[in-house]
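Note: the block below is coords_34.txt and it holds compact mmCIF, C-alpha atoms.
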# COMPACT_ATOMS: atom_id res chain seq x y z
CA MET A 106 80.03 101.06 93.13
CA ASN A 107 78.05 101.92 90.04
CA GLN A 108 79.58 103.90 87.20
CA THR A 109 78.23 105.38 84.05
CA LEU A 110 79.24 105.16 80.45
CA GLN A 111 77.86 107.02 77.50
CA CYS A 112 75.82 104.73 75.28
CA PRO A 113 77.67 104.47 71.94
CA ASN A 114 74.32 104.15 70.18
CA CYS A 115 72.19 106.98 71.56
CA ASN A 116 74.53 108.92 73.92
CA SER A 117 72.36 108.29 76.96
CA GLU A 118 74.03 107.06 80.10
CA ILE A 119 74.44 103.37 80.79
CA VAL A 120 74.84 102.54 84.46
CA PHE A 121 77.14 99.62 85.10
CA ASN A 122 78.99 97.87 87.87
CA ALA A 123 82.63 97.29 86.98
CA GLN A 124 83.00 94.06 88.91
CA ALA A 125 79.93 92.56 87.25
CA LEU A 126 80.92 93.87 83.82
CA ILE A 127 84.36 92.27 84.16
CA ALA A 128 82.70 89.04 85.24
CA GLY A 129 80.69 89.00 82.01
CA ALA A 130 77.40 90.68 82.91
CA ALA A 131 75.57 92.78 80.34
CA PHE A 132 74.22 96.24 81.05
CA GLY A 133 71.47 97.90 79.10
CA CYS A 134 70.77 101.42 77.98
CA THR A 135 67.47 102.57 79.41
CA ASN A 136 66.84 104.75 76.35
CA CYS A 137 67.60 102.56 73.31
CA GLN A 138 67.68 99.15 75.05
CA SER A 139 71.12 98.36 73.59
CA GLN A 140 73.23 96.07 75.71
CA ILE A 141 76.93 96.36 76.42
CA ARG A 142 79.14 93.52 77.52
CA MET A 143 82.89 93.06 77.87
CA SER A 144 84.51 91.05 75.12
CA PRO A 145 85.82 87.72 76.41
CA SER A 146 89.28 88.63 75.06
CA SER A 147 89.51 91.61 77.45
CA MET A 148 88.02 90.00 80.54
CA ASN A 149 91.25 88.51 81.86
CA GLN A 150 93.20 91.73 81.48
CA ALA A 151 90.50 93.79 83.22
CA LYS A 152 90.05 91.25 86.00
CA LYS A 153 93.78 91.21 86.75
CA VAL A 154 93.90 95.01 87.08
CA TYR A 155 90.71 95.11 89.15
CA ASP A 156 92.08 92.49 91.55
CA LYS A 157 95.46 94.24 91.76
CA PHE A 158 93.78 97.53 92.61
CA THR A 159 91.66 95.87 95.30
CA ASP A 160 94.85 94.37 96.77
CA LEU A 161 96.59 97.74 96.67
CA LYS A 162 93.69 99.34 98.56
CA LYS A 163 93.89 96.61 101.19
CA LYS A 164 97.67 96.97 101.43
CA ILE A 165 97.45 100.72 101.92
CA ALA A 166 94.69 100.32 104.50
CA GLN A 167 96.87 97.95 106.51
CA LYS A 168 99.89 100.30 106.58
CA MET B 247 124.50 123.14 130.40
CA SER B 248 122.20 122.62 133.38
CA ASP B 249 119.50 119.92 133.42
CA GLN B 250 116.83 122.56 133.00
CA GLU B 251 118.69 124.10 130.05
CA GLN B 252 119.06 120.69 128.44
CA TYR B 253 115.35 120.01 128.95
CA ASN B 254 114.43 123.35 127.45
CA HIS B 255 116.74 122.66 124.54
CA LYS B 256 114.94 119.35 123.80
CA ALA B 257 111.55 121.04 123.75
CA ALA B 258 110.19 122.14 120.41
CA LEU B 259 108.55 125.35 119.38
CA ILE B 260 104.88 124.81 120.11
CA GLU B 261 103.89 125.50 116.50
CA ASP B 262 106.30 122.78 115.39
CA LEU B 263 104.94 120.44 118.02
CA LEU B 264 101.36 121.05 116.87
CA ALA B 265 102.21 120.77 113.19
CA ALA B 266 104.30 117.59 113.43
CA PRO B 267 101.47 115.00 113.40
CA PHE B 268 99.71 116.85 110.59
CA ILE B 269 102.88 117.04 108.53
CA ALA B 270 103.37 113.30 109.09
CA ALA B 271 99.79 112.65 107.92
CA ALA B 272 100.31 114.85 104.84
CA ASN B 273 103.49 112.93 104.01
CA ALA B 274 101.60 109.64 104.39
CA ASN B 275 98.92 111.00 102.08
CA SER B 276 101.54 111.94 99.52
CA LYS B 277 103.11 108.47 99.68
CA MET B 278 99.71 106.85 99.10
CA ALA B 279 99.10 109.10 96.09
CA GLN B 280 102.51 108.27 94.64
CA GLU B 281 101.88 104.56 95.03
CA GLN B 282 98.52 104.86 93.29
CA VAL B 283 99.89 106.90 90.40
CA LYS B 284 102.67 104.32 89.98
CA PHE B 285 100.04 101.58 89.96
CA LEU B 286 97.89 103.38 87.39
CA MET B 287 100.84 104.02 85.11
CA GLU B 288 102.02 100.42 85.32
CA THR B 289 98.68 98.69 84.88
CA CYS B 290 96.62 100.99 82.68
CA PHE B 291 99.23 102.48 80.34
CA ASP B 292 101.83 101.16 77.96
CA ALA B 293 105.10 103.03 78.19
CA LYS B 294 106.57 104.05 74.88
CA GLU B 295 109.80 105.89 74.29
CA ASP B 296 108.61 109.30 75.35
CA SER B 297 104.93 108.85 76.07
CA PHE B 298 102.30 106.61 77.60
CA SER B 299 99.33 105.23 75.74
CA PRO B 300 96.28 103.84 77.53
CA LYS B 301 95.65 100.10 77.50
CA MET B 302 92.37 99.46 75.76
CA VAL B 303 89.70 96.90 76.48
CA SER B 304 87.16 95.72 73.99
CA LEU B 305 83.42 95.76 74.62
CA THR B 306 80.50 94.68 72.51
CA ILE B 307 77.19 96.43 72.06
CA ARG B 308 74.08 94.70 70.87
CA LYS B 309 71.89 97.34 69.24
CA ASN B 310 68.23 96.76 69.79
CA ASN B 311 66.54 97.25 66.44
CA GLN B 312 62.96 98.29 66.75
CA SER B 313 61.63 96.21 63.87
CA ASP B 314 61.19 92.49 64.31
CA THR B 315 62.42 91.72 60.82
CA GLU B 316 65.96 93.11 61.30
CA PRO B 317 68.29 91.13 63.55
CA ASN B 318 69.99 92.91 66.44
CA GLU B 319 73.32 94.31 65.35
CA LEU B 320 76.46 93.33 67.30
CA LEU B 321 79.26 95.91 67.23
CA THR B 322 82.49 96.30 69.16
CA PHE B 323 84.11 99.37 70.62
CA GLU B 324 87.21 100.02 72.64
CA LEU B 325 87.62 101.95 75.85
CA PRO B 326 90.67 102.69 77.94
CA LEU B 327 90.88 100.20 80.78
CA ILE B 328 91.13 103.10 83.22
CA THR B 329 87.55 104.15 82.40
CA ILE B 330 86.15 100.76 83.42
CA ILE B 331 87.88 100.11 86.73
CA PRO B 332 86.40 102.27 89.49
CA PHE B 333 89.62 103.98 90.50
CA ASN B 334 89.40 106.51 93.22
CA SER B 335 92.05 108.21 95.24
CA LEU B 336 92.79 106.85 98.66
CA CYS B 337 93.60 109.53 101.15
CA VAL B 338 93.79 110.55 104.77
CA LYS B 339 90.32 111.92 105.34
CA ASP B 340 90.33 112.72 108.99
CA ILE B 341 92.99 113.20 111.59
CA ASN B 342 92.47 113.69 115.30
CA VAL B 343 95.39 114.53 117.52
CA LYS B 344 95.11 114.58 121.27
CA PHE B 345 97.88 115.28 123.76
CA ASP B 346 98.67 117.36 126.77
CA MET B 347 101.23 119.98 126.12
CA GLU B 348 103.70 121.15 128.64
CA ILE B 349 105.05 124.64 128.16
CA VAL B 350 108.69 124.35 129.00
CA SER B 351 109.91 127.83 128.32
CA MET B 352 108.73 131.19 127.18
CA ALA B 353 111.20 133.74 125.96
CA PRO B 354 111.03 136.85 123.83
CA LYS B 355 111.79 136.33 120.19
CA HIS B 356 114.94 137.89 118.84
CA MET B 357 113.86 141.39 118.06
CA ALA B 358 115.53 144.58 117.02
CA ASP B 359 114.88 146.06 120.43
CA PRO B 360 115.99 143.56 123.08
CA ASN B 361 114.00 145.39 125.76
CA GLU B 362 110.73 144.88 123.96
CA THR B 363 108.77 142.09 125.62
CA ASP B 364 105.50 142.19 123.77
CA LYS B 365 103.50 139.02 124.52
CA LYS B 366 102.75 138.58 120.83
CA ASN B 367 106.43 138.20 120.18
CA MET B 368 107.05 135.57 122.77
CA GLU B 369 108.57 132.29 121.67
CA MET B 370 107.04 129.36 123.48
CA ARG B 371 108.67 125.99 123.67
CA GLY B 372 106.84 122.93 124.77
CA SER B 373 106.80 119.19 124.85
CA VAL B 374 104.23 116.43 125.07
CA ALA B 375 103.40 116.36 128.76
CA ALA B 376 104.82 113.40 130.60
CA SER B 377 102.66 111.41 132.90
CA LYS B 378 104.13 109.49 135.79
CA SER B 379 103.30 105.83 135.91
CA ASP B 380 103.27 104.18 139.27
CA ASP B 381 103.72 100.61 138.14
CA SER B 382 106.81 100.11 140.26
CA PRO B 383 107.35 101.67 143.66
CA THR B 384 111.09 101.93 143.12
CA GLN B 385 111.16 103.04 139.52
CA LYS B 386 108.97 105.83 138.27
CA ARG B 387 108.78 106.14 134.54
CA HIS B 388 107.87 109.24 132.66
CA GLN B 389 105.82 108.56 129.57
CA SER B 390 104.74 111.03 126.96
CA LYS B 391 101.69 110.03 125.00
CA MET B 392 100.24 111.54 121.90
CA HIS B 393 97.05 110.01 120.62
CA VAL B 394 96.76 110.25 116.85
CA GLU B 395 93.71 108.85 115.11
CA ILE B 396 93.76 108.74 111.35
CA THR B 397 90.81 107.78 109.18
CA GLY B 398 91.42 106.84 105.59
CA GLY B 399 88.90 107.41 102.87
CA THR B 400 88.40 107.75 99.19
CA ILE B 401 88.00 110.85 97.12
CA PRO B 402 87.17 111.17 93.42
CA LEU B 403 89.97 111.16 90.89
CA PRO B 404 91.56 114.52 90.12
CA VAL B 405 89.49 116.71 87.79
CA GLY B 406 92.19 116.64 85.10
CA LEU B 407 92.13 112.88 84.91
CA THR B 408 88.34 112.63 84.93
CA THR B 409 88.21 115.17 82.09
CA ILE B 410 90.51 112.97 80.00
CA LEU B 411 88.39 109.91 80.83
CA LYS B 412 85.21 111.76 79.91
CA PHE B 413 86.79 112.83 76.64
CA TYR B 414 87.55 109.20 75.85
CA SER B 415 84.12 107.86 76.76
CA ASN B 416 82.40 110.64 74.80
CA ASN B 417 84.29 109.70 71.68
CA ILE B 418 83.50 106.04 71.40
CA GLN B 419 83.64 104.79 67.84
CA LEU B 420 81.78 101.66 66.94
CA LYS B 421 83.34 99.01 64.74
CA SER B 422 81.34 96.42 62.92
With the file now loaded, output its structure as structure tokens.
Amino acid sequence: MNQTLQCPNCNSEIVFNAQALIAGAAFGCTNCQSQIRMSPSSMNQAKKVYDKFTDLKKKIAQK
Amino acid sequence: MSDQEQYNHKAALIEDLLAAPFIAAANANSKMAQEQVKFLMETCFDAKEDSFSPKMVSLTIRKNNQSDTEPNELLTFELPLITIIPFNSLCVKDINVKFDMEIVSMAPKHMADPNETDKKNMEMRGSVAASKSDDSPTQKRHQSKMHVEITGGTIPLPVGLTTILKFYSNNIQLKS
């Protein structure tokens, strides 16, 4: 699922995919060509939460 | 109490009978929402004495400078973790209930005038109709079946929460 984020440089919208962003992919602003990427220091924390939420969704679906 | 009276006593008001599966689905929906809120609070917020503060994640932005002489600038900014993970609310989206109803009794509601027997004021009691199964010639079982089909789905986060998230993402401050 794609999400959007306001570009900190030009305020346009940057479309990104959370799973890919957490995995280290970079996403670019179509207006100013700036690129955003998750800092390596935050990747683990974000990945843990993303995986936990995916598990929760599965758990609820099974109930 | 005669058998018939006992049977009538077991039967529910038809409105209760119709509402029961929907109330159960609404309760299930509420439990799912509670579990998700608990999850969000535990994973995306740090509990302080009397408040919660969002856990932040750090991102970098590489500004694309137009001129070839200047190097691209690398800056960092922080966002609440909750704005990155695509949270949505899980819910009961569709519920289909199918059963045969057996009207067990019909009696006037308790009214001021006991002689009044207006059809609109009738109290109907019913039960899920039993079907006889002929699997054994000596024993005949009565089974009542209600078919309930529930479809789960996702809906966007509540408006209040998305407003807070939007407020955060619209106020990103870059750090060098």
For chain A, report every residue with an atom at most 6 Å from chain B (counting all atoms listed in the file), formatted as a count of residues only. 9
Atom-to-atom span, atom CA of B:Glu395 and atom CA of B:Asp340, Å: 8.0 Å
Separation of atom CA of A:Pro113 from atom CA of B:Pro326, in Å and rounded to one decimal: 14.4 Å
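Closest approach to B:Met352 from the set B:Met370, B:Ala272, B:Ile401, B:Ile260 is made by B:Met370, with distances taken over all atoms listed in the file.
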Straight-line distance linking atom CA of B:Pro267 with atom CA of B:Val350, stated in Å to one decimal: 19.6 Å
Taking N, CA and C atoms as the atom set, what does stretch 119-139 of chain A look like once completed, written as a CSV table (one decimal), in the frame of the given file?
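Written file, part_4.csv:
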chain,number,residue,atom,x,y,z
A,119,ILE,N,74.6,104.8,80.4
A,119,ILE,CA,74.4,103.4,80.8
A,119,ILE,C,75.1,103.2,82.2
A,120,VAL,N,74.3,102.8,83.1
A,120,VAL,CA,74.8,102.5,84.5
A,120,VAL,C,75.4,101.1,84.5
A,121,PHE,N,76.6,101.0,85.0
A,121,PHE,CA,77.1,99.6,85.1
A,121,PHE,C,78.0,99.5,86.4
A,122,ASN,N,78.1,98.2,86.7
A,122,ASN,CA,79.0,97.9,87.9
A,122,ASN,C,80.2,97.2,87.3
A,123,ALA,N,81.4,97.8,87.6
A,123,ALA,CA,82.6,97.3,87.0
A,123,ALA,C,82.9,95.8,87.3
A,124,GLN,N,82.7,95.4,88.5
A,124,GLN,CA,83.0,94.1,88.9
A,124,GLN,C,82.1,93.1,88.1
A,125,ALA,N,80.9,93.4,88.0
A,125,ALA,CA,79.9,92.6,87.2
A,125,ALA,C,80.2,92.6,85.8
A,126,LEU,N,80.6,93.8,85.3
A,126,LEU,CA,80.9,93.9,83.8
A,126,LEU,C,82.1,93.0,83.5
A,127,ILE,N,83.1,93.1,84.4
A,127,ILE,CA,84.4,92.3,84.2
A,127,ILE,C,84.1,90.8,84.3
A,128,ALA,N,83.1,90.5,85.1
A,128,ALA,CA,82.7,89.0,85.2
A,128,ALA,C,81.8,88.5,84.1
A,129,GLY,N,81.4,89.4,83.2
A,129,GLY,CA,80.7,89.0,82.0
A,129,GLY,C,79.2,89.4,81.9
A,130,ALA,N,78.8,90.2,82.9
A,130,ALA,CA,77.4,90.7,82.9
A,130,ALA,C,77.2,91.7,81.8
A,131,ALA,N,75.9,91.8,81.4
A,131,ALA,CA,75.6,92.8,80.3
A,131,ALA,C,74.8,93.9,81.0
A,132,PHE,N,75.0,95.1,80.5
A,132,PHE,CA,74.2,96.2,81.0
A,132,PHE,C,73.5,97.0,79.9
A,133,GLY,N,72.3,97.3,80.2
A,133,GLY,CA,71.5,97.9,79.1
A,133,GLY,C,71.3,99.4,79.2
A,134,CYS,N,71.1,100.0,78.0
A,134,CYS,CA,70.8,101.4,78.0
A,134,CYS,C,69.3,101.6,78.2
A,135,THR,N,68.9,102.4,79.1
A,135,THR,CA,67.5,102.6,79.4
A,135,THR,C,66.7,103.3,78.3
A,136,ASN,N,67.5,104.0,77.4
A,136,ASN,CA,66.8,104.8,76.4
A,136,ASN,C,66.6,103.9,75.1
A,137,CYS,N,67.7,103.3,74.6
A,137,CYS,CA,67.6,102.6,73.3
A,137,CYS,C,67.6,101.0,73.5
A,138,GLN,N,67.7,100.6,74.7
A,138,GLN,CA,67.7,99.2,75.0
A,138,GLN,C,68.9,98.4,74.5
A,139,SER,N,69.9,99.1,74.0
A,139,SER,CA,71.1,98.4,73.6
A,139,SER,C,71.8,97.8,74.8
